[in-house]
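Raw contents of model33.cif, mmCIF, C-alpha atoms:
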```
data_structure
#
loop_
_atom_site.group_PDB
_atom_site.id
_atom_site.type_symbol
_atom_site.label_atom_id
_atom_site.label_comp_id
_atom_site.auth_asym_id
_atom_site.auth_seq_id
_atom_site.Cartn_x
_atom_site.Cartn_y
_atom_site.Cartn_z
ATOM 1 C CA MET A 1286 138.368 31.830 -5.745
ATOM 2 C CA THR A 1287 135.955 34.303 -4.101
ATOM 3 C CA GLN A 1288 136.359 34.452 -0.332
ATOM 4 C CA THR A 1289 133.300 34.132 1.884
ATOM 5 C CA LEU A 1290 132.771 36.631 4.662
ATOM 6 C CA PHE A 1291 130.225 36.330 7.482
ATOM 7 C CA VAL A 1292 129.076 39.623 9.030
ATOM 8 C CA ALA A 1293 127.233 40.081 12.302
ATOM 9 C CA GLY A 1294 125.972 43.658 12.494
ATOM 10 C CA ALA A 1295 125.758 44.368 8.753
ATOM 11 C CA THR A 1296 122.890 46.866 9.069
ATOM 12 C CA GLY A 1297 124.399 49.013 11.819
ATOM 13 C CA PHE A 1298 126.030 52.424 11.432
ATOM 14 C CA ILE A 1299 129.533 51.078 10.790
ATOM 15 C CA GLY A 1300 128.326 47.766 9.389
ATOM 16 C CA THR A 1301 126.518 49.278 6.408
ATOM 17 C CA HIS A 1302 129.700 51.040 5.317
ATOM 18 C CA PHE A 1303 131.837 47.956 5.890
ATOM 19 C CA VAL A 1304 129.447 45.866 3.783
ATOM 20 C CA ALA A 1305 129.557 48.355 0.899
ATOM 21 C CA HIS A 1306 133.369 48.206 0.787
ATOM 22 C CA ALA A 1307 133.435 44.407 1.100
ATOM 23 C CA LEU A 1308 130.996 44.019 -1.812
ATOM 24 C CA ARG A 1309 133.075 46.330 -3.986
ATOM 25 C CA ALA A 1310 136.134 44.249 -3.101
ATOM 26 C CA GLY A 1311 134.426 41.142 -4.492
ATOM 27 C CA TYR A 1312 133.650 39.180 -1.328
ATOM 28 C CA HIS A 1313 130.694 36.813 -1.099
ATOM 29 C CA LEU A 1314 128.836 38.042 1.985
ATOM 30 C CA THR A 1315 126.546 36.271 4.383
ATOM 31 C CA ALA A 1316 124.948 38.448 7.043
ATOM 32 C CA THR A 1317 122.664 37.948 9.990
ATOM 33 C CA THR A 1318 120.038 40.503 11.003
ATOM 34 C CA ARG A 1319 117.168 40.556 13.473
ATOM 35 C CA SER A 1320 114.808 42.350 11.079
ATOM 36 C CA GLN A 1321 113.019 40.911 8.030
ATOM 37 C CA GLU A 1322 112.791 44.423 6.576
ATOM 38 C CA ARG A 1323 116.534 44.904 6.856
ATOM 39 C CA ALA A 1324 117.060 41.419 5.484
ATOM 40 C CA ASP A 1325 115.259 42.498 2.299
ATOM 41 C CA VAL A 1326 117.562 45.523 1.990
ATOM 42 C CA LEU A 1327 120.637 43.307 2.281
ATOM 43 C CA ARG A 1328 119.332 40.754 -0.229
ATOM 44 C CA ALA A 1329 118.766 43.560 -2.727
ATOM 45 C CA GLN A 1330 122.535 44.174 -2.551
ATOM 46 C CA GLY A 1331 123.296 40.555 -3.400
ATOM 47 C CA ILE A 1332 124.017 39.469 0.174
ATOM 48 C CA GLU A 1333 122.963 36.080 1.511
ATOM 49 C CA VAL A 1334 120.901 36.764 4.638
ATOM 50 C CA ILE A 1335 119.946 34.753 7.700
ATOM 51 C CA VAL A 1336 117.305 36.310 9.946
ATOM 52 C CA GLY A 1337 118.448 35.607 13.457
ATOM 53 C CA ASP A 1338 120.178 36.915 16.567
ATOM 54 C CA LEU A 1339 123.522 35.947 18.068
ATOM 55 C CA LEU A 1340 121.715 35.678 21.396
ATOM 56 C CA THR A 1341 119.967 32.558 20.102
ATOM 57 C CA PRO A 1342 121.666 29.534 18.466
ATOM 58 C CA GLY A 1343 120.401 28.883 14.957
ATOM 59 C CA GLU A 1344 121.117 28.641 11.239
ATOM 60 C CA TRP A 1345 123.577 31.544 11.420
ATOM 61 C CA GLN A 1346 126.053 29.263 13.237
ATOM 62 C CA HIS A 1347 126.510 27.010 10.200
ATOM 63 C CA ALA A 1348 127.146 30.014 7.928
ATOM 64 C CA ALA A 1349 129.640 31.537 10.379
ATOM 65 C CA ALA A 1350 131.548 28.277 10.759
ATOM 66 C CA ARG A 1351 131.895 27.870 6.962
ATOM 67 C CA ALA A 1352 133.112 31.410 6.209
ATOM 68 C CA ASP A 1353 136.728 32.244 5.439
ATOM 69 C CA CYS A 1354 136.465 35.322 7.659
ATOM 70 C CA VAL A 1355 134.005 36.481 10.336
ATOM 71 C CA VAL A 1356 133.491 40.159 11.172
ATOM 72 C CA HIS A 1357 131.640 40.770 14.428
ATOM 73 C CA ILE A 1358 130.231 44.314 14.657
ATOM 74 C CA ALA A 1359 126.857 43.393 16.194
ATOM 75 C CA GLN A 1360 125.669 45.115 19.369
ATOM 76 C CA PRO A 1361 122.848 44.382 21.825
ATOM 77 C CA LEU A 1362 119.792 46.598 21.345
ATOM 78 C CA THR A 1363 120.348 48.891 24.328
ATOM 79 C CA PHE A 1364 121.590 52.163 22.799
ATOM 80 C CA GLY A 1365 119.677 55.421 22.318
ATOM 81 C CA GLY A 1366 118.035 57.812 24.761
ATOM 82 C CA LYS A 1367 118.883 58.195 28.423
ATOM 83 C CA VAL A 1368 121.121 55.326 29.497
ATOM 84 C CA THR A 1369 120.766 54.099 33.067
ATOM 85 C CA ARG A 1370 123.211 51.771 34.754
ATOM 86 C CA GLN A 1371 120.585 49.024 34.505
ATOM 87 C CA ARG A 1372 120.445 49.436 30.711
ATOM 88 C CA ALA A 1373 124.231 49.286 30.613
ATOM 89 C CA GLU A 1374 124.164 46.139 32.748
ATOM 90 C CA ASP A 1375 121.697 44.577 30.289
ATOM 91 C CA TYR A 1376 124.134 45.444 27.516
ATOM 92 C CA ARG A 1377 127.029 43.806 29.397
ATOM 93 C CA ARG A 1378 125.102 40.593 29.955
ATOM 94 C CA GLU A 1379 123.766 40.339 26.390
ATOM 95 C CA ARG A 1380 127.115 41.145 24.804
ATOM 96 C CA LEU A 1381 128.784 38.361 26.772
ATOM 97 C CA LYS A 1382 126.145 35.895 25.616
ATOM 98 C CA MET A 1383 126.295 37.000 21.959
ATOM 99 C CA ASP A 1384 130.070 36.742 21.892
ATOM 100 C CA LEU A 1385 130.093 33.376 23.653
ATOM 101 C CA ASN A 1386 127.615 31.907 21.163
ATOM 102 C CA LEU A 1387 129.647 33.130 18.194
ATOM 103 C CA LEU A 1388 133.137 32.322 19.477
ATOM 104 C CA THR A 1389 132.113 28.848 20.635
ATOM 105 C CA THR A 1390 130.697 28.203 17.161
ATOM 106 C CA LEU A 1391 134.008 29.185 15.565
ATOM 107 C CA MET A 1392 136.275 27.041 17.759
ATOM 108 C CA GLY A 1393 136.426 24.221 15.214
ATOM 109 C CA SER A 1394 137.158 26.415 12.169
ATOM 110 C CA ALA A 1395 140.916 26.098 11.712
ATOM 111 C CA GLY A 1396 142.643 29.087 10.118
ATOM 112 C CA GLN A 1397 139.523 31.228 10.004
ATOM 113 C CA ARG A 1398 140.187 34.941 10.592
ATOM 114 C CA ILE A 1399 137.911 36.779 13.033
ATOM 115 C CA VAL A 1400 137.706 40.569 13.322
ATOM 116 C CA TYR A 1401 136.160 41.518 16.647
ATOM 117 C CA VAL A 1402 134.983 45.129 16.869
ATOM 118 C CA SER A 1403 134.819 46.742 20.308
ATOM 119 C CA GLY A 1404 135.156 50.381 21.444
ATOM 120 C CA THR A 1405 137.750 52.811 22.800
ATOM 121 C CA SER A 1406 135.636 53.549 25.895
ATOM 122 C CA TYR A 1407 137.400 50.434 27.197
ATOM 123 C CA TYR A 1408 140.620 52.490 27.326
ATOM 124 C CA GLY A 1409 138.728 55.392 28.878
ATOM 125 C CA ASP A 1410 140.352 58.334 30.604
ATOM 126 C CA LEU A 1411 144.007 58.315 29.514
ATOM 127 C CA GLY A 1412 144.681 62.026 30.004
ATOM 128 C CA PRO A 1413 146.238 64.587 27.645
ATOM 129 C CA ASP A 1414 149.070 62.434 26.231
ATOM 130 C CA LEU A 1415 148.895 60.417 23.000
ATOM 131 C CA HIS A 1416 148.616 56.659 23.623
ATOM 132 C CA ASP A 1417 148.833 53.474 21.571
ATOM 133 C CA GLU A 1418 147.125 50.101 22.070
ATOM 134 C CA SER A 1419 149.562 49.075 24.828
ATOM 135 C CA ALA A 1420 148.124 51.707 27.204
ATOM 136 C CA THR A 1421 146.674 50.505 30.500
ATOM 137 C CA PRO A 1422 142.876 50.763 30.174
ATOM 138 C CA LYS A 1423 140.918 53.048 32.509
ATOM 139 C CA PRO A 1424 137.368 52.267 31.329
ATOM 140 C CA LYS A 1425 134.766 55.042 31.346
ATOM 141 C CA GLY A 1426 131.244 55.429 30.013
ATOM 142 C CA TRP A 1427 130.403 52.166 28.271
ATOM 143 C CA GLY A 1428 133.941 50.908 28.947
ATOM 144 C CA PRO A 1429 133.311 49.098 32.253
ATOM 145 C CA TYR A 1430 130.517 47.148 30.567
ATOM 146 C CA ILE A 1431 132.758 45.632 27.872
ATOM 147 C CA VAL A 1432 135.675 44.623 30.119
ATOM 148 C CA GLU A 1433 134.371 41.091 30.625
ATOM 149 C CA ALA A 1434 133.579 40.663 26.931
ATOM 150 C CA LEU A 1435 137.154 41.540 25.990
ATOM 151 C CA ALA A 1436 138.530 39.177 28.627
ATOM 152 C CA GLN A 1437 136.349 36.449 27.122
ATOM 153 C CA VAL A 1438 137.683 37.192 23.628
ATOM 154 C CA ARG A 1439 141.224 37.005 24.951
ATOM 155 C CA ALA A 1440 140.504 33.594 26.498
ATOM 156 C CA PHE A 1441 139.217 32.257 23.173
ATOM 157 C CA ARG A 1442 142.266 33.683 21.401
ATOM 158 C CA GLU A 1443 144.511 31.810 23.822
ATOM 159 C CA ARG A 1444 142.587 28.644 22.935
ATOM 160 C CA GLY A 1445 143.542 29.093 19.291
ATOM 161 C CA LEU A 1446 141.081 31.435 17.594
ATOM 162 C CA ASN A 1447 142.629 33.739 14.982
ATOM 163 C CA VAL A 1448 141.247 36.987 16.426
ATOM 164 C CA VAL A 1449 142.095 40.555 15.375
ATOM 165 C CA GLU A 1450 140.621 43.248 17.642
ATOM 166 C CA ALA A 1451 139.458 46.603 16.249
ATOM 167 C CA PHE A 1452 138.717 49.558 18.525
ATOM 168 C CA PRO A 1453 136.846 52.346 16.692
ATOM 169 C CA GLY A 1454 137.026 55.777 18.287
ATOM 170 C CA GLN A 1455 134.166 58.257 18.037
ATOM 171 C CA ILE A 1456 132.819 57.374 14.597
ATOM 172 C CA TYR A 1457 130.946 60.223 12.929
ATOM 173 C CA GLY A 1458 128.967 60.429 9.695
ATOM 174 C CA ALA A 1459 125.407 60.770 8.430
ATOM 175 C CA GLY A 1460 123.256 59.012 11.016
ATOM 176 C CA SER A 1461 123.802 57.643 14.524
ATOM 177 C CA TRP A 1462 124.852 60.007 17.347
ATOM 178 C CA TYR A 1463 126.392 62.526 14.928
ATOM 179 C CA GLY A 1464 123.121 62.903 13.031
ATOM 180 C CA GLU A 1465 121.252 63.389 16.315
ATOM 181 C CA MET A 1466 123.777 65.985 17.494
ATOM 182 C CA MET A 1467 123.603 67.918 14.238
ATOM 183 C CA ALA A 1468 119.799 67.862 14.170
ATOM 184 C CA ALA A 1469 119.783 69.385 17.664
ATOM 185 C CA LEU A 1470 122.437 72.004 16.850
ATOM 186 C CA LEU A 1471 120.666 73.039 13.654
ATOM 187 C CA LYS A 1472 117.509 73.635 15.703
ATOM 188 C CA GLY A 1473 119.451 76.030 17.900
ATOM 189 C CA THR A 1474 120.493 73.746 20.751
ATOM 190 C CA ARG A 1475 123.765 74.823 22.330
ATOM 191 C CA LEU A 1476 126.670 72.438 22.732
ATOM 192 C CA VAL A 1477 127.432 71.599 26.355
ATOM 193 C CA LYS A 1478 130.709 72.742 27.873
ATOM 194 C CA LEU A 1479 132.076 71.106 31.026
ATOM 195 C CA GLY A 1480 134.823 72.764 33.029
ATOM 196 C CA THR A 1481 137.327 75.254 31.641
ATOM 197 C CA ARG A 1482 138.901 73.117 28.908
ATOM 198 C CA ASP A 1483 137.397 70.891 26.221
ATOM 199 C CA LYS A 1484 138.869 67.416 26.557
ATOM 200 C CA ALA A 1485 140.129 65.806 23.379
ATOM 201 C CA GLY A 1486 139.026 62.502 21.914
ATOM 202 C CA SER A 1487 139.820 60.425 18.849
ATOM 203 C CA PHE A 1488 137.464 60.461 15.867
ATOM 204 C CA MET A 1489 137.136 58.717 12.511
ATOM 205 C CA TYR A 1490 134.772 59.254 9.584
ATOM 206 C CA VAL A 1491 132.502 56.234 9.175
ATOM 207 C CA GLU A 1492 133.664 55.602 5.590
ATOM 208 C CA ASP A 1493 137.228 55.171 6.820
ATOM 209 C CA ALA A 1494 136.026 52.969 9.699
ATOM 210 C CA GLY A 1495 134.333 50.596 7.242
ATOM 211 C CA ARG A 1496 137.446 50.505 5.059
ATOM 212 C CA ALA A 1497 139.710 49.960 8.070
ATOM 213 C CA ILE A 1498 137.754 46.929 9.306
ATOM 214 C CA LEU A 1499 137.912 45.349 5.854
ATOM 215 C CA HIS A 1500 141.651 46.101 5.732
ATOM 216 C CA LEU A 1501 142.134 44.350 9.082
ATOM 217 C CA ALA A 1502 140.194 41.350 7.795
ATOM 218 C CA GLU A 1503 142.865 41.091 5.104
ATOM 219 C CA HIS A 1504 146.006 42.383 6.822
ATOM 220 C CA GLY A 1505 145.499 42.509 10.603
ATOM 221 C CA ALA A 1506 147.867 40.438 12.737
ATOM 222 C CA THR A 1507 146.396 37.717 14.925
ATOM 223 C CA GLY A 1508 146.306 38.729 18.569
ATOM 224 C CA GLU A 1509 146.848 42.426 17.854
ATOM 225 C CA ARG A 1510 144.639 45.359 18.749
ATOM 226 C CA TYR A 1511 144.175 48.326 16.450
ATOM 227 C CA PHE A 1512 142.745 51.774 17.133
ATOM 228 C CA LEU A 1513 140.490 53.007 14.321
ATOM 229 C CA VAL A 1514 141.059 56.741 14.693
ATOM 230 C CA ASP A 1515 142.164 59.811 12.749
ATOM 231 C CA ASP A 1516 145.722 61.066 12.476
ATOM 232 C CA GLU A 1517 144.955 63.874 14.941
ATOM 233 C CA PRO A 1518 142.856 63.839 18.130
ATOM 234 C CA SER A 1519 140.372 66.688 18.420
ATOM 235 C CA THR A 1520 137.390 67.827 20.480
ATOM 236 C CA LEU A 1521 133.641 67.456 20.153
ATOM 237 C CA ALA A 1522 133.446 71.239 20.037
ATOM 238 C CA GLU A 1523 135.742 71.335 17.006
ATOM 239 C CA LEU A 1524 133.667 68.648 15.301
ATOM 240 C CA ALA A 1525 130.522 70.689 15.939
ATOM 241 C CA ARG A 1526 132.170 73.958 14.853
ATOM 242 C CA LEU A 1527 133.408 72.501 11.562
ATOM 243 C CA SER A 1528 130.041 70.868 10.916
ATOM 244 C CA LEU A 1529 127.997 74.010 11.549
ATOM 245 C CA ALA A 1530 130.413 76.026 9.390
ATOM 246 C CA GLU A 1531 129.308 73.850 6.439
ATOM 247 C CA TYR A 1532 125.833 75.337 6.994
ATOM 248 C CA GLY A 1533 127.190 78.861 7.487
ATOM 249 C CA LEU A 1534 126.312 78.817 11.188
ATOM 250 C CA PRO A 1535 128.349 79.600 14.312
ATOM 251 C CA LEU A 1536 128.780 77.246 17.241
ATOM 252 C CA LYS A 1537 126.987 78.304 20.435
ATOM 253 C CA ARG A 1538 127.948 76.889 23.830
ATOM 254 C CA ILE A 1539 126.298 76.487 27.205
ATOM 255 C CA ARG A 1540 128.169 75.650 30.422
ATOM 256 C CA LEU A 1541 126.591 72.961 32.599
ATOM 257 C CA PRO A 1542 127.748 71.246 35.793
ATOM 258 C CA PHE A 1543 128.303 67.522 35.382
ATOM 259 C CA PHE A 1544 125.382 66.513 37.608
ATOM 260 C CA VAL A 1545 122.935 68.323 35.284
ATOM 261 C CA LEU A 1546 124.374 66.558 32.231
ATOM 262 C CA GLU A 1547 124.163 63.271 34.124
ATOM 263 C CA TRP A 1548 120.489 63.936 34.869
ATOM 264 C CA LEU A 1549 119.794 64.779 31.209
ATOM 265 C CA LEU A 1550 121.687 61.915 29.534
ATOM 266 C CA GLY A 1551 122.080 59.316 32.247
ATOM 267 C CA PRO A 1552 125.379 58.445 33.955
ATOM 268 C CA ILE A 1553 126.821 56.322 31.137
ATOM 269 C CA ASN A 1554 126.531 58.839 28.291
ATOM 270 C CA ALA A 1555 127.428 61.750 30.585
ATOM 271 C CA GLU A 1556 130.761 60.087 31.415
ATOM 272 C CA GLY A 1557 131.515 60.074 27.690
ATOM 273 C CA PHE A 1558 131.761 63.875 27.800
ATOM 274 C CA ALA A 1559 134.006 63.971 30.839
ATOM 275 C CA TYR A 1560 137.162 62.040 29.937
ATOM 276 C CA GLU A 1561 140.147 62.556 27.653
ATOM 277 C CA ASN A 1562 141.211 59.900 25.163
ATOM 278 C CA ARG A 1563 143.961 60.796 22.636
ATOM 279 C CA LEU A 1564 144.808 57.687 20.619
ATOM 280 C CA SER A 1565 147.390 56.917 17.938
ATOM 281 C CA ASN A 1566 146.616 55.169 14.639
ATOM 282 C CA ALA A 1567 150.297 54.327 14.030
ATOM 283 C CA ARG A 1568 149.754 50.580 14.384
ATOM 284 C CA LEU A 1569 146.865 50.635 11.896
ATOM 285 C CA ARG A 1570 148.895 52.713 9.421
ATOM 286 C CA ALA A 1571 151.822 50.294 9.791
ATOM 287 C CA THR A 1572 149.643 47.590 8.205
ATOM 288 C CA GLY A 1573 149.403 49.730 5.055
ATOM 289 C CA PHE A 1574 146.052 51.376 5.772
ATOM 290 C CA VAL A 1575 145.799 54.979 4.578
ATOM 291 C CA PRO A 1576 142.736 56.957 5.723
ATOM 292 C CA GLN A 1577 140.914 58.854 3.005
ATOM 293 C CA TYR A 1578 139.827 61.451 5.576
ATOM 294 C CA PRO A 1579 142.720 61.656 8.075
ATOM 295 C CA THR A 1580 141.429 64.688 10.026
ATOM 296 C CA LEU A 1581 138.110 66.273 10.968
ATOM 297 C CA ALA A 1582 138.841 69.122 8.565
ATOM 298 C CA GLN A 1583 138.783 66.620 5.697
ATOM 299 C CA GLY A 1584 136.045 64.297 6.940
ATOM 300 C CA VAL A 1585 133.410 66.744 8.148
ATOM 301 C CA PRO A 1586 132.630 68.271 4.716
ATOM 302 C CA ALA A 1587 132.033 64.760 3.350
ATOM 303 C CA ALA A 1588 129.830 63.856 6.323
ATOM 304 C CA VAL A 1589 127.751 67.029 6.012
ATOM 305 C CA ALA A 1590 127.429 66.615 2.226
ATOM 306 C CA GLU A 1591 126.049 63.117 2.831
ATOM 307 C CA MET A 1592 123.610 64.448 5.423
ATOM 308 C CA LYS A 1593 122.375 67.127 3.042
ATOM 309 C CA LYS A 1594 121.929 64.522 0.327
ATOM 310 C CA LEU A 1595 119.787 62.497 2.735
ATOM 311 C CA GLY A 1596 117.739 65.581 3.572
ATOM 312 C CA GLY A 1597 119.462 66.568 6.802
#
```

File written out as structure tokens:
Amino acid sequence: MTQTLFVAGATGFIGTHFVAHALRAGYHLTATTRSQERADVLRAQGIEVIVGDLLTPGEWQHAAARADCVVHIAQPLTFGGKVTRQRAEDYRRERLKMDLNLLTTLMGSAGQRIVYVSGTSYYGDLGPDLHDESATPKPKGWGPYIVEALAQVRAFRERGLNVVEAFPGQIYGAGSWYGEMMAALLKGTRLVKLGTRDKAGSFMYVEDAGRAILHLAEHGATGERYFLVDDEPSTLAELARLSLAEYGLPLKRIRLPFFVLEWLLGPINAEGFAYENRLSNARLRATGFVPQYPTLAQGVPAAVAEMKKLGG
């Protein structure tokens, strides 16, 4: 019997890749999207679509309640450009409402698996050591604005929902922030350097992120958290260097004080450059997941090839 899977956030950066893997695996998909244009794209793939928004109760609730598994990747529409604290506060408030609407809807669906996708900014500045999911969070950047949402998820889990939590690291690939960064670097923009040492983070190629979320829908343990990251932490500078090398170009740097970066990007995005976050994927691997692109050296050529194919 074909399993039904409800997806919130199917047209996003990670969501589009997740959907492609789920379709190839034979799932019957129902997705919700805010856009009629994007709804047409999903229907062309054989996906049942409901035009709607988790912020507003509607037809999507019936589809979510009937599904064998629900994957929640949807985000409020507050990303892009300079991010002020007010925009981040809007995100916090809307995310809480979206999650509450969905999780309340699912309370009566016994045995239904839910994969809730969050972000590693919640764990924030953990320093130079490698950490697993049991680390004490020190939220930075967007992290402080998802603390309440995660507490709300935990409360619903304690009330009986079968929730698996996925925490993607810095997900790169054709499009999203990586596409914007590469477009700027290819025009000659220099990569910012703060301080004397580049701080490491944890990355994952978007193809592996989509596969990992589907894997957790099938094999994740209820109540567990999983980092979706590469085998090896690295730096944004190394990501940029490897990417530019695929074009035969060198990486150029410019040193800026933090307050200038904060003025350029806003305080939320600027904080994302200023903390260190080295995370282990051991728990994810222990479920049987094997990344196709376990390091930047293996993932970047695939990401750049995809960008070139799309005209980037």

Against stretch 1459-1475 of chain A, which residues of stretch 1518-1597 of chain A fall within 9 Å? For each one I want the closest pair of atoms and the distance in Å (one decimal), counting only C-alpha atoms, rows by chain and increasing residue number, as CSV.
```
residue,atom,partner,partner_atom,distance
A:Ala1525,CA,A:Met1467,CA,7.6
A:Ser1528,CA,A:Met1467,CA,7.8
A:Leu1529,CA,A:Leu1471,CA,7.7
A:Tyr1532,CA,A:Leu1471,CA,8.7
A:Leu1534,CA,A:Leu1471,CA,8.4
A:Leu1536,CA,A:Arg1475,CA,7.5
A:Lys1537,CA,A:Arg1475,CA,5.1
A:Arg1538,CA,A:Arg1475,CA,4.9
A:Ile1539,CA,A:Arg1475,CA,5.7
A:Ala1588,CA,A:Ala1459,CA,5.8
A:Val1589,CA,A:Ala1459,CA,7.1
A:Ala1590,CA,A:Ala1459,CA,8.8
A:Glu1591,CA,A:Ala1459,CA,6.1
A:Met1592,CA,A:Ala1459,CA,5.1
A:Lys1593,CA,A:Ala1459,CA,8.9
A:Leu1595,CA,A:Ala1459,CA,8.2
A:Gly1597,CA,A:Ala1468,CA,7.5
```

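This file gives the following result for the PyMOL selection byres ((chain A and resi 1340) around 12): Ala1293, Thr1317, Thr1318, Arg1319, Gly1337, Asp1338, Leu1339, Thr1341, Pro1342, Gly1343, Trp1345, Gln1346, Ala1359, Gln1360, Pro1361, Leu1362, Tyr1376, Arg1378, Glu1379, Arg1380, Leu1381, Lys1382, Met1383, Asp1384, Leu1385, Asn1386 and Leu1387 of chain A.
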
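When the PyMOL selection byres ((chain A and resi 1545-1556) around 8) is evaluated on the file shown here, the picked residues come out as Gly1366, Lys1367, Val1368, Thr1369, Arg1370, Ala1373, Lys1425, Gly1426, Trp1427, Leu1541, Pro1542, Phe1543, Phe1544, Gly1557, Phe1558, Ala1559 and Tyr1560 of chain A.
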
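Taken over the shown file, the PyMOL selection byres ((chain A and resi 1481-1487) around 8) identifies Pro1413, Gly1454, Gln1455, Lys1478, Leu1479, Gly1480, Phe1488, Met1489, Val1514, Asp1515, Glu1517, Pro1518, Ser1519, Thr1520, Leu1521, Ala1522, Ala1559, Tyr1560, Glu1561, Asn1562, Arg1563 and Leu1564 of chain A.
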
*Interatomic distance between atom CA of A:Val1477 and atom CA of A:Arg1540?*
5.8 Å

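Going from atom CA of A:Ala1316 over to atom CA of A:Glu1333, you cover 6.3 Å.
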
_Using Å and a single decimal, report how far atom CA of A:Leu1569 sits from atom CA of A:Ala1350._
27.1 Å

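Ranking A:Ala1582, A:Ala1349, A:Leu1391, A:Val1356 by their shortest atom-to-atom distance to A:Leu1499, with only C-alpha atoms included, puts A:Val1356 first.
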
_Let me make sure I understand: among A:Thr1572, A:Ser1394, A:Gln1583, A:Thr1315, which one has the smallest atom-to-atom distance to A:Asp1516 if we use all atoms listed in the file?_
A:Gln1583

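For the choices A:Val1585, A:Ala1571, A:Leu1501, A:Ile1358, the atom-to-atom distance to A:His1302 is smallest for A:Ile1358 when using only C-alpha atoms.
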